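Below: start-v1.txt (compact mmCIF, C-alpha atoms)
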```txt
# COMPACT_ATOMS: atom_id res chain seq x y z
CA MET A 1 0.00 0.00 0.00
CA ASP A 2 1.45 3.41 -0.95
CA LYS A 3 1.74 6.38 1.39
CA LEU A 4 -1.30 8.18 -0.01
CA ASP A 5 -3.41 5.09 0.59
CA GLU A 6 -2.19 4.96 4.19
CA LEU A 7 -3.32 8.54 4.72
CA GLU A 8 -6.70 7.74 3.19
CA VAL A 9 -7.08 4.83 5.61
CA PHE A 10 -6.06 6.98 8.57
CA VAL A 11 -8.58 9.72 7.70
CA ALA A 12 -11.32 7.13 7.28
CA VAL A 13 -10.52 5.56 10.68
CA VAL A 14 -10.73 8.95 12.41
CA GLN A 15 -13.93 9.92 10.59
CA GLN A 16 -15.64 6.57 11.19
CA GLY A 17 -14.32 6.09 14.72
CA SER A 18 -13.53 2.42 14.14
CA LEU A 19 -11.47 0.09 11.99
CA ALA A 20 -14.59 -1.76 10.89
CA GLY A 21 -16.25 1.49 9.82
CA ALA A 22 -13.20 2.51 7.83
CA ALA A 23 -13.13 -0.93 6.17
CA ARG A 24 -16.77 -0.57 5.12
CA LYS A 25 -16.27 2.95 3.79
CA LEU A 26 -13.18 2.05 1.76
CA ARG A 27 -14.47 -1.42 0.82
CA ARG A 28 -11.37 -3.12 2.18
CA SER A 29 -10.88 -5.92 4.67
CA PRO A 30 -10.40 -5.06 8.37
CA PRO A 31 -6.92 -6.70 8.38
CA ALA A 32 -5.89 -4.44 5.50
CA ILE A 33 -7.01 -1.40 7.48
CA THR A 34 -5.10 -2.59 10.53
CA ARG A 35 -1.91 -3.15 8.52
CA ALA A 36 -2.12 0.29 6.90
CA LEU A 37 -2.59 2.03 10.24
CA ALA A 38 0.29 0.09 11.80
CA SER A 39 2.55 0.95 8.87
CA LEU A 40 1.70 4.66 9.16
CA GLU A 41 2.37 4.69 12.93
CA SER A 42 5.66 2.87 12.36
CA ARG A 43 6.65 5.50 9.82
CA PHE A 44 5.88 8.29 12.32
CA ASP A 45 7.32 6.32 15.23
CA ALA A 46 4.38 7.57 17.25
CA SER A 47 0.89 6.52 18.23
CA LEU A 48 -1.67 8.27 16.05
CA ILE A 49 -4.83 6.63 17.38
CA GLU A 50 -6.06 6.17 20.94
CA ARG A 51 -7.83 2.84 21.18
CA THR A 52 -10.68 2.32 23.63
CA THR A 53 -13.15 -0.51 23.86
CA ARG A 54 -15.86 1.46 22.08
CA HIS A 55 -14.22 4.14 20.00
CA LEU A 56 -11.02 5.21 18.28
CA SER A 57 -9.89 8.82 18.42
CA PRO A 58 -6.75 10.62 17.24
CA THR A 59 -3.90 11.42 19.60
CA PRO A 60 -2.61 15.04 19.57
CA ALA A 61 -0.06 14.05 16.92
CA GLY A 62 -2.77 12.14 15.07
CA LEU A 63 -5.09 15.16 15.12
CA VAL A 64 -2.43 17.33 13.46
CA LEU A 65 -1.85 14.65 10.84
CA PHE A 66 -5.59 14.22 10.32
CA GLU A 67 -6.12 17.89 9.43
CA ARG A 68 -3.09 17.95 7.08
CA ALA A 69 -4.06 14.63 5.50
CA LYS A 70 -7.61 15.80 4.77
CA THR A 71 -6.20 18.85 2.97
CA LEU A 72 -3.69 16.75 1.05
CA LEU A 73 -6.29 14.18 -0.06
CA ASN A 74 -8.69 16.91 -1.11
CA ASP A 75 -5.94 18.63 -3.13
CA TYR A 76 -5.10 15.30 -4.73
CA THR A 77 -8.74 14.72 -5.74
CA LEU A 78 -9.01 18.23 -7.21
CA ALA A 79 -5.75 17.75 -9.12
CA ILE A 80 -7.03 14.51 -10.67
CA GLU A 81 -10.36 16.13 -11.57
CA ASP A 82 -8.61 19.13 -13.13
CA ALA A 83 -6.32 16.86 -15.12
CA ALA A 84 -9.30 14.86 -16.34
CA ARG A 85 -11.09 18.02 -17.43
CA THR A 86 -8.09 19.14 -19.44
CA GLN A 87 -8.24 15.83 -21.34
CA LEU A 88 -11.84 16.48 -22.42
CA THR A 89 -10.57 18.23 -25.52
CA GLY A 90 -9.33 17.20 -28.91
CA LEU A 91 -10.64 15.08 -31.77
CA LEU A 92 -12.77 11.96 -31.35
CA ARG A 93 -13.21 9.74 -34.43
CA VAL A 94 -16.24 7.43 -34.54
CA THR A 95 -17.55 5.20 -37.32
CA ALA A 96 -20.97 3.57 -37.74
CA PRO A 97 -23.14 2.01 -40.46
CA VAL A 98 -24.75 4.69 -42.61
CA GLN A 99 -28.40 4.49 -41.62
CA PHE A 100 -27.84 3.50 -38.00
CA GLY A 101 -25.35 6.33 -37.72
CA ARG A 102 -27.70 8.83 -39.29
CA LYS A 103 -30.68 7.82 -37.18
CA HIS A 104 -29.04 7.15 -33.81
CA ILE A 105 -25.35 8.05 -33.59
CA ALA A 106 -25.55 11.53 -35.13
CA PRO A 107 -28.19 12.66 -32.55
CA LEU A 108 -26.02 11.19 -29.81
CA VAL A 109 -23.01 13.11 -31.13
CA MET A 110 -24.97 16.36 -31.07
CA GLN A 111 -26.11 15.70 -27.50
CA PHE A 112 -22.53 14.89 -26.50
CA LEU A 113 -21.16 18.11 -28.02
CA ASP A 114 -23.67 20.12 -26.01
CA SER A 115 -22.08 18.69 -22.86
CA TYR A 116 -18.45 18.76 -24.07
CA PRO A 117 -18.04 21.78 -26.36
CA ASP A 118 -14.23 21.55 -26.32
CA ILE A 119 -14.26 18.16 -28.05
CA GLN A 120 -14.49 17.78 -31.82
CA ILE A 121 -16.05 14.65 -33.33
CA GLU A 122 -15.48 13.23 -36.77
CA LEU A 123 -18.33 10.83 -37.57
CA LEU A 124 -17.63 8.49 -40.47
CA LEU A 125 -20.76 6.73 -41.77
CA ASN A 126 -19.84 3.75 -43.89
CA ASP A 127 -21.41 0.33 -44.38
CA SER A 128 -18.06 -1.26 -45.22
CA TYR A 129 -15.66 -2.58 -42.58
CA GLN A 130 -13.50 0.14 -41.04
CA ASP A 131 -10.25 -0.95 -39.37
CA LEU A 132 -9.87 1.01 -36.12
CA ILE A 133 -6.09 0.78 -35.96
CA GLU A 134 -5.27 1.37 -39.63
CA GLN A 135 -7.68 4.28 -39.94
CA GLY A 136 -6.98 5.89 -36.59
CA LEU A 137 -10.53 5.48 -35.26
CA ASP A 138 -11.37 5.69 -31.57
CA MET A 139 -14.63 3.79 -31.61
CA ALA A 140 -17.02 1.95 -33.91
CA VAL A 141 -20.60 0.78 -33.92
CA ARG A 142 -20.72 -2.68 -35.45
CA ILE A 143 -23.74 -4.77 -36.41
CA GLY A 144 -23.04 -8.50 -36.48
CA GLN A 145 -20.26 -10.69 -35.15
CA LEU A 146 -16.79 -9.15 -34.80
CA ARG A 147 -14.01 -10.11 -37.17
CA ASP A 148 -11.21 -9.11 -34.78
CA SER A 149 -11.30 -10.83 -31.39
CA SER A 150 -8.55 -8.53 -30.05
CA LEU A 151 -10.98 -5.59 -29.91
CA VAL A 152 -13.07 -4.71 -26.87
CA ALA A 153 -16.81 -4.82 -27.48
CA VAL A 154 -19.99 -4.30 -25.49
CA GLU A 155 -23.42 -5.21 -26.84
CA VAL A 156 -26.02 -2.44 -26.67
CA GLY A 157 -28.85 -4.14 -28.57
CA SER A 158 -29.75 -6.54 -31.33
CA VAL A 159 -31.54 -6.39 -34.66
CA GLN A 160 -33.07 -8.94 -37.02
CA ARG A 161 -33.22 -9.40 -40.76
CA ILE A 162 -36.88 -9.07 -41.68
CA VAL A 163 -38.91 -9.35 -44.90
CA LEU A 164 -41.27 -6.48 -45.64
CA ALA A 165 -43.90 -5.27 -48.07
CA SER A 166 -46.57 -2.59 -48.20
CA PRO A 167 -50.20 -3.44 -47.37
CA ALA A 168 -51.13 -2.43 -50.92
CA TYR A 169 -48.65 -4.84 -52.48
CA LEU A 170 -49.80 -7.72 -50.27
CA ALA A 171 -53.43 -6.98 -51.03
CA THR A 172 -52.68 -7.27 -54.75
CA ALA A 173 -50.02 -10.01 -54.89
CA GLY A 174 -50.91 -12.03 -51.81
CA THR A 175 -48.89 -12.74 -48.67
CA PRO A 176 -46.12 -15.37 -48.82
CA THR A 177 -46.52 -18.02 -46.13
CA SER A 178 -43.16 -19.77 -46.59
CA PRO A 179 -39.78 -18.65 -47.97
CA GLY A 180 -40.30 -20.71 -51.11
CA ASP A 181 -43.28 -18.51 -52.02
CA LEU A 182 -40.91 -15.59 -52.70
CA VAL A 183 -40.13 -16.94 -56.18
CA ASN A 184 -43.64 -15.84 -57.18
CA HIS A 185 -43.19 -12.26 -55.99
CA LEU A 186 -41.48 -9.06 -57.08
CA LEU A 187 -38.39 -8.57 -54.92
CA ILE A 188 -36.36 -5.46 -54.07
CA ALA A 189 -32.79 -6.31 -53.06
CA GLY A 190 -29.79 -4.39 -51.84
CA THR A 191 -26.43 -4.43 -53.59
CA SER A 192 -24.14 -3.79 -50.61
CA ILE A 193 -21.14 -6.01 -49.85
CA SER A 194 -23.18 -7.91 -47.27
CA SER A 195 -26.10 -8.45 -49.65
CA SER A 196 -26.50 -11.72 -51.51
CA ARG A 197 -28.61 -13.18 -54.29
CA GLU A 198 -29.61 -15.75 -51.69
CA TRP A 199 -31.87 -15.04 -48.75
CA ARG A 200 -31.52 -17.32 -45.74
CA PHE A 201 -34.20 -18.10 -43.20
CA GLY A 202 -34.35 -19.85 -39.85
CA PRO A 203 -31.58 -20.98 -37.48
CA PRO A 204 -28.18 -22.09 -38.86
CA GLU A 205 -28.81 -25.73 -37.96
CA ASN A 206 -32.02 -25.83 -40.00
CA GLN A 207 -31.57 -23.07 -42.53
CA GLU A 208 -33.73 -22.59 -45.58
CA ARG A 209 -32.11 -20.84 -48.54
CA VAL A 210 -33.96 -19.14 -51.37
CA ARG A 211 -32.26 -18.01 -54.58
CA ILE A 212 -33.73 -14.66 -55.55
CA GLN A 213 -34.09 -12.86 -58.87
CA PRO A 214 -34.88 -9.27 -57.86
CA ALA A 215 -37.06 -7.07 -59.99
CA MET A 216 -35.14 -4.11 -58.56
CA MET A 217 -31.68 -3.81 -57.04
CA VAL A 218 -30.47 -0.70 -55.22
CA ASN A 219 -27.33 0.18 -53.27
CA GLU A 220 -29.01 2.39 -50.68
CA VAL A 221 -31.44 1.46 -47.91
CA GLU A 222 -33.65 4.54 -48.07
CA THR A 223 -34.42 3.86 -51.73
CA GLN A 224 -35.32 0.27 -50.88
CA LEU A 225 -37.79 1.65 -48.35
CA ILE A 226 -39.24 4.13 -50.86
CA ALA A 227 -39.78 1.38 -53.41
CA ALA A 228 -41.33 -0.97 -50.85
CA ARG A 229 -43.63 1.76 -49.52
CA ALA A 230 -44.71 2.44 -53.10
CA GLY A 231 -45.82 -1.18 -53.45
CA LYS A 232 -43.12 -2.22 -55.92
CA GLY A 233 -42.33 -5.50 -54.21
CA ILE A 234 -41.01 -7.32 -51.16
CA THR A 235 -37.71 -6.30 -49.61
CA ARG A 236 -35.48 -7.52 -46.80
CA LEU A 237 -33.85 -5.14 -44.33
CA LEU A 238 -32.58 -4.96 -40.78
CA SER A 239 -35.38 -4.32 -38.30
CA TYR A 240 -34.07 -0.92 -37.16
CA GLN A 241 -33.96 0.31 -40.78
CA ALA A 242 -37.73 -0.04 -41.21
CA PHE A 243 -38.75 0.58 -37.60
CA GLU A 244 -40.73 3.78 -38.30
CA GLU A 245 -42.48 2.28 -41.33
CA LEU A 246 -43.57 -0.72 -39.27
CA GLN A 247 -44.79 1.48 -36.43
CA GLN A 248 -46.80 3.64 -38.84
CA GLY A 249 -48.24 0.69 -40.76
CA LEU A 250 -46.59 1.76 -44.01
CA LEU A 251 -44.90 -1.65 -44.26
CA CYS A 252 -45.79 -5.06 -42.86
CA GLU A 253 -43.46 -7.87 -41.89
CA VAL A 254 -44.01 -11.19 -43.64
CA LEU A 255 -42.46 -14.58 -42.91
CA ALA A 256 -41.86 -13.54 -39.29
CA ASP A 257 -41.79 -17.19 -38.21
CA TYR A 258 -38.77 -17.72 -40.45
CA ARG A 259 -36.55 -14.96 -39.08
CA PRO A 260 -32.86 -15.88 -38.89
CA PRO A 261 -31.07 -15.33 -35.55
CA GLY A 262 -30.64 -11.74 -34.40
CA LEU A 263 -27.47 -9.74 -34.97
CA PRO A 264 -25.74 -7.97 -32.07
CA VAL A 265 -25.23 -4.21 -32.19
CA GLN A 266 -21.93 -3.50 -30.45
CA LEU A 267 -19.74 -0.62 -29.39
CA VAL A 268 -16.15 -1.46 -30.27
CA THR A 269 -12.84 0.07 -29.25
CA GLN A 270 -9.20 -0.97 -28.94
CA ASN A 271 -8.53 -0.66 -25.23
CA LEU A 272 -10.63 0.24 -22.20
CA LYS A 273 -7.88 0.56 -19.62
CA TYR A 274 -5.97 3.34 -21.37
CA MET A 275 -8.92 5.01 -23.05
CA PRO A 276 -8.50 8.81 -23.31
CA ALA A 277 -10.98 10.81 -21.25
CA ARG A 278 -12.77 12.22 -24.32
CA VAL A 279 -13.28 8.68 -25.67
CA ARG A 280 -14.39 7.37 -22.29
CA ALA A 281 -16.98 10.15 -21.98
CA PHE A 282 -18.57 9.30 -25.32
CA TRP A 283 -18.29 5.54 -24.70
CA ASP A 284 -20.10 5.90 -21.37
CA MET A 285 -22.84 8.06 -22.88
CA ALA A 286 -23.36 5.61 -25.76
CA ARG A 287 -23.46 2.61 -23.39
CA GLU A 288 -26.12 4.33 -21.29
CA THR A 289 -28.22 5.72 -24.15
CA LEU A 290 -28.25 3.19 -26.98
CA PRO A 291 -29.78 0.18 -25.15
CA ALA A 292 -32.96 2.21 -24.61
CA LEU A 293 -33.52 2.91 -28.32
CA PRO A 294 -37.12 2.04 -29.31
CA CYS A 295 -35.87 0.11 -32.36
CA PHE A 296 -34.34 -2.45 -30.00
CA HIS A 297 -37.68 -2.89 -28.24
CA PRO A 298 -40.28 -2.97 -31.02
CA SER A 299 -43.95 -3.29 -30.11
CA VAL A 300 -44.87 -4.79 -33.45
```

Represent the structure contained in this file as C-alpha cells.
Amino acid sequence: MDKLDELEVFVAVVQQGSLAGAARKLRRSPPAITRALASLESRFDASLIERTTRHLSPTPAGLVLFERAKTLLNDYTLAIEDAARTQLTGLLRVTAPVQFGRKHIAPLVMQFLDSYPDIQIELLLNDSYQDLIEQGLDMAVRIGQLRDSSLVAVEVGSVQRIVLASPAYLATAGTPTSPGDLVNHLLIAGTSISSSREWRFGPPENQERVRIQPAMMVNEVETQLIAARAGKGITRLLSYQAFEELQQGLLCEVLADYRPPGLPVQLVTQNLKYMPARVRAFWDMARETLPALPCFHPSV
C-alpha cells in the first residue's frame, strides 16, 4: 500500500471512529485497514490513534496529521479532476453504419457536443468494414459478429433481418406463407457487400435458402424503403432500418416465423484501460443511451 493510501485509511478511521467502519467505507478488509494504520504509525514512530473498547480517536499528533491529511487528499482529488477536465478536448473519431449512424449516432453526437463543447467529433458513416487501428478510429458501432477478437466490445442491442412489403402490395399479390413462395413475388434487393442473391431463413442448424431474382436492385437502404412503400415489391432489411415504417403501418413484416437469428449491435474500441478521457466520456454516454432505443424494443 502506498503512502497516499495509508493517509486515506487513517482519515477514514478517524472519521468513522472504528477500523470496521473505515473498512466498510473504503471497501477493504479489516486486516488491510489494521496493517495500513500500523505501517503509518511505524513511519511516524508515534501513536496516532487512541484505542478504547468502544471508540477510536486521534492522539494530539494524530489530530495534526488528520487535518493535514484531509487537505492533502482533497488537493489530490481536485488535481485529478482538473487533469481529467483538461483531457476532455481534442478530436474523437467514430464510425458507424450509414443508416444507424444517421438515425441514432448523429443525434447522440450532437447531445454529446452540447455537454463537451471543447471536443471535436469526426463521424464516419460507412457500411463497409472500417479498421480502427489502420484508420486511426477511436470507436465503432458494429452490427453483427466481430471479425477481430482482439478488440473490446460491449453489446447495446440486437436487430433482425426481416422481410417487408406494403399493405397495398400484399393486397394485390398475396402474402407469402413460406420462404419458397418468394419466387412468385417481385423482390427489391440491396447491392451492398453484405447483400447476396440468396436469402436465408431460420436458425443455422435448420436453414432454408432461397435463390432470388430481384425485380429491382439498389445500393441504398432509403431507396429500398421508398420502393417498398410504393408497393413495388417485397424487400429484406434490418429491423431498425424499417422501424418507423412498421410502427406507422406503411410496411408489414411477412415470414416472421422464419426470421434468422438476431445480430448484435456493439460498441467497439481498442482498449478500455488506457482510453482517453474524451473517448471514455462518449463511450459511457453511448453505453447508457443506446440500449434504450425504441428500435431495439419494437412493439410490433

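With distances taken from (-46.6, -15.0, -49.2) and restricted to only C-alpha atoms, the residues inside 12 Å are Val163, Leu164, Ala165, Tyr169, Leu170, Ala171, Thr172, Ala173, Gly174, Thr175, Pro176, Thr177, Ser178, Pro179, Gly180, Asp181, Leu182, Val183, Asn184, His185, Leu186, Leu187, Gly233, Ile234, Cys252, Glu253, Val254, Leu255 and Ala256 of chain A.
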
Store the residues picked out above, limited to C-alpha atoms, as a PDB file, in the frame of the given file.
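Dumped to out-v1.pdb:
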```
ATOM      1  CA  VAL A 163     -38.910  -9.350 -44.900  1.00  0.00           C
ATOM      2  CA  LEU A 164     -41.270  -6.480 -45.640  1.00  0.00           C
ATOM      3  CA  ALA A 165     -43.900  -5.270 -48.070  1.00  0.00           C
ATOM      4  CA  TYR A 169     -48.650  -4.840 -52.480  1.00  0.00           C
ATOM      5  CA  LEU A 170     -49.800  -7.720 -50.270  1.00  0.00           C
ATOM      6  CA  ALA A 171     -53.430  -6.980 -51.030  1.00  0.00           C
ATOM      7  CA  THR A 172     -52.680  -7.270 -54.750  1.00  0.00           C
ATOM      8  CA  ALA A 173     -50.020 -10.010 -54.890  1.00  0.00           C
ATOM      9  CA  GLY A 174     -50.910 -12.030 -51.810  1.00  0.00           C
ATOM     10  CA  THR A 175     -48.890 -12.740 -48.670  1.00  0.00           C
ATOM     11  CA  PRO A 176     -46.120 -15.370 -48.820  1.00  0.00           C
ATOM     12  CA  THR A 177     -46.520 -18.020 -46.130  1.00  0.00           C
ATOM     13  CA  SER A 178     -43.160 -19.770 -46.590  1.00  0.00           C
ATOM     14  CA  PRO A 179     -39.780 -18.650 -47.970  1.00  0.00           C
ATOM     15  CA  GLY A 180     -40.300 -20.710 -51.110  1.00  0.00           C
ATOM     16  CA  ASP A 181     -43.280 -18.510 -52.020  1.00  0.00           C
ATOM     17  CA  LEU A 182     -40.910 -15.590 -52.700  1.00  0.00           C
ATOM     18  CA  VAL A 183     -40.130 -16.940 -56.180  1.00  0.00           C
ATOM     19  CA  ASN A 184     -43.640 -15.840 -57.180  1.00  0.00           C
ATOM     20  CA  HIS A 185     -43.190 -12.260 -55.990  1.00  0.00           C
ATOM     21  CA  LEU A 186     -41.480  -9.060 -57.080  1.00  0.00           C
ATOM     22  CA  LEU A 187     -38.390  -8.570 -54.920  1.00  0.00           C
ATOM     23  CA  GLY A 233     -42.330  -5.500 -54.210  1.00  0.00           C
ATOM     24  CA  ILE A 234     -41.010  -7.320 -51.160  1.00  0.00           C
ATOM     25  CA  CYS A 252     -45.790  -5.060 -42.860  1.00  0.00           C
ATOM     26  CA  GLU A 253     -43.460  -7.870 -41.890  1.00  0.00           C
ATOM     27  CA  VAL A 254     -44.010 -11.190 -43.640  1.00  0.00           C
ATOM     28  CA  LEU A 255     -42.460 -14.580 -42.910  1.00  0.00           C
ATOM     29  CA  ALA A 256     -41.860 -13.540 -39.290  1.00  0.00           C
TER      30      ALA A 256
END
```

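One finds CA of Arg236 (chain A) at 8.6 Å from CA of Trp199 (chain A).
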
Which distance in Å separates CA of Leu123 (chain A) and CA of His297 (chain A), to one decimal? 25.5 Å

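Going from CA of Arg211 (chain A) over to CA of Leu246 (chain A), you cover 25.7 Å.
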
Write out as CSV a residue-level contact list of region 160-210 of chain A versus region 237-244 of chain A with cut-off 10 Å: for each qualifying residue the closest pair of atoms and the distance in Å to one decimal, counting only C-alpha atoms, rows sorted by chain and residue number upward.
```
residue,atom,partner,partner_atom,distance
A:Gln160,CA,A:Ser239,CA,5.3
A:Arg161,CA,A:Leu238,CA,4.5
A:Ile162,CA,A:Leu237,CA,5.6
A:Val163,CA,A:Leu237,CA,6.6
A:Leu164,CA,A:Leu237,CA,7.7
A:Ala189,CA,A:Leu237,CA,8.9
A:Gly190,CA,A:Leu237,CA,8.6
A:Ser195,CA,A:Leu237,CA,10.0
```

Of the candidates A:Ala168, A:Asp5, A:Leu48, A:Pro298, which one gets nearest to Arg28 (chain A) if we count all atoms listed in the file? A:Asp5

Please work out which residues fall within 7 Å of (-27.8, -19.4, -48.7), coordinates as given in the file, with all atoms listed in the file counting, and return them as an MDAnalysis selection string. chainID A and resid 198:200 209:210

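Nearest-residue note for Thr71 (chain A): choosing from A:Asp131, A:Glu155, A:Glu8, A:Glu220, the minimum distance belongs to A:Glu8, counting all atoms listed in the file.
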
May I have the residues within 12 Å of Arg278 (chain A) as an mmCIF file with C-alpha atoms, in the coordinates of the input, using only C-alpha atoms and disregarding those fewer than 5 positions away in the same chain?
```cif
data_model
loop_
_atom_site.group_PDB
_atom_site.id
_atom_site.type_symbol
_atom_site.label_atom_id
_atom_site.label_comp_id
_atom_site.auth_asym_id
_atom_site.auth_seq_id
_atom_site.Cartn_x
_atom_site.Cartn_y
_atom_site.Cartn_z
ATOM 1 C CA ALA A 84 -9.300 14.860 -16.340
ATOM 2 C CA ARG A 85 -11.090 18.020 -17.430
ATOM 3 C CA THR A 86 -8.090 19.140 -19.440
ATOM 4 C CA GLN A 87 -8.240 15.830 -21.340
ATOM 5 C CA LEU A 88 -11.840 16.480 -22.420
ATOM 6 C CA THR A 89 -10.570 18.230 -25.520
ATOM 7 C CA GLY A 90 -9.330 17.200 -28.910
ATOM 8 C CA LEU A 91 -10.640 15.080 -31.770
ATOM 9 C CA LEU A 92 -12.770 11.960 -31.350
ATOM 10 C CA ARG A 93 -13.210 9.740 -34.430
ATOM 11 C CA VAL A 94 -16.240 7.430 -34.540
ATOM 12 C CA PHE A 112 -22.530 14.890 -26.500
ATOM 13 C CA LEU A 113 -21.160 18.110 -28.020
ATOM 14 C CA SER A 115 -22.080 18.690 -22.860
ATOM 15 C CA TYR A 116 -18.450 18.760 -24.070
ATOM 16 C CA PRO A 117 -18.040 21.780 -26.360
ATOM 17 C CA ASP A 118 -14.230 21.550 -26.320
ATOM 18 C CA ILE A 119 -14.260 18.160 -28.050
ATOM 19 C CA GLN A 120 -14.490 17.780 -31.820
ATOM 20 C CA ILE A 121 -16.050 14.650 -33.330
ATOM 21 C CA ASP A 138 -11.370 5.690 -31.570
ATOM 22 C CA MET A 139 -14.630 3.790 -31.610
ATOM 23 C CA TRP A 283 -18.290 5.540 -24.700
ATOM 24 C CA ASP A 284 -20.100 5.900 -21.370
ATOM 25 C CA MET A 285 -22.840 8.060 -22.880
#
```

Rank A:Pro204, A:Ala46, A:Tyr129, A:Leu251 by their smallest atom-to-atom distance to Ile226 (chain A), using only C-alpha atoms, and report the top residue only. A:Leu251

List every residue of region 17-120 of chain A that has an atom at most 10 Å from any atom of region 288-296 of chain A, giving for each one its closest atom pair and the distance in Å to one decimal, counting all atoms listed in the file, sorted by chain and then by ascending residue number, as CSV.
```
residue,atom,partner,partner_atom,distance
A:His104,CA,A:Leu290,CA,7.9
A:Ile105,CA,A:Leu290,CA,8.7
A:Leu108,CA,A:Thr289,CA,8.2
```

Give one line per residue of region 129-238 of chain A that approaches region 272-275 of chain A to at most 12 Å, naming the two atoms of the closest pair and their distance in Å to one decimal, counting all atoms listed in the file; sort by chain then ascending residue number and deliver it as CSV.
```
residue,atom,partner,partner_atom,distance
A:Asp138,CA,A:Met275,CA,8.9
A:Met139,CA,A:Met275,CA,10.4
A:Ser150,CA,A:Leu272,CA,12.0
A:Leu151,CA,A:Leu272,CA,9.7
A:Val152,CA,A:Leu272,CA,7.2
A:Ala153,CA,A:Leu272,CA,9.6
A:Val154,CA,A:Leu272,CA,10.9
```
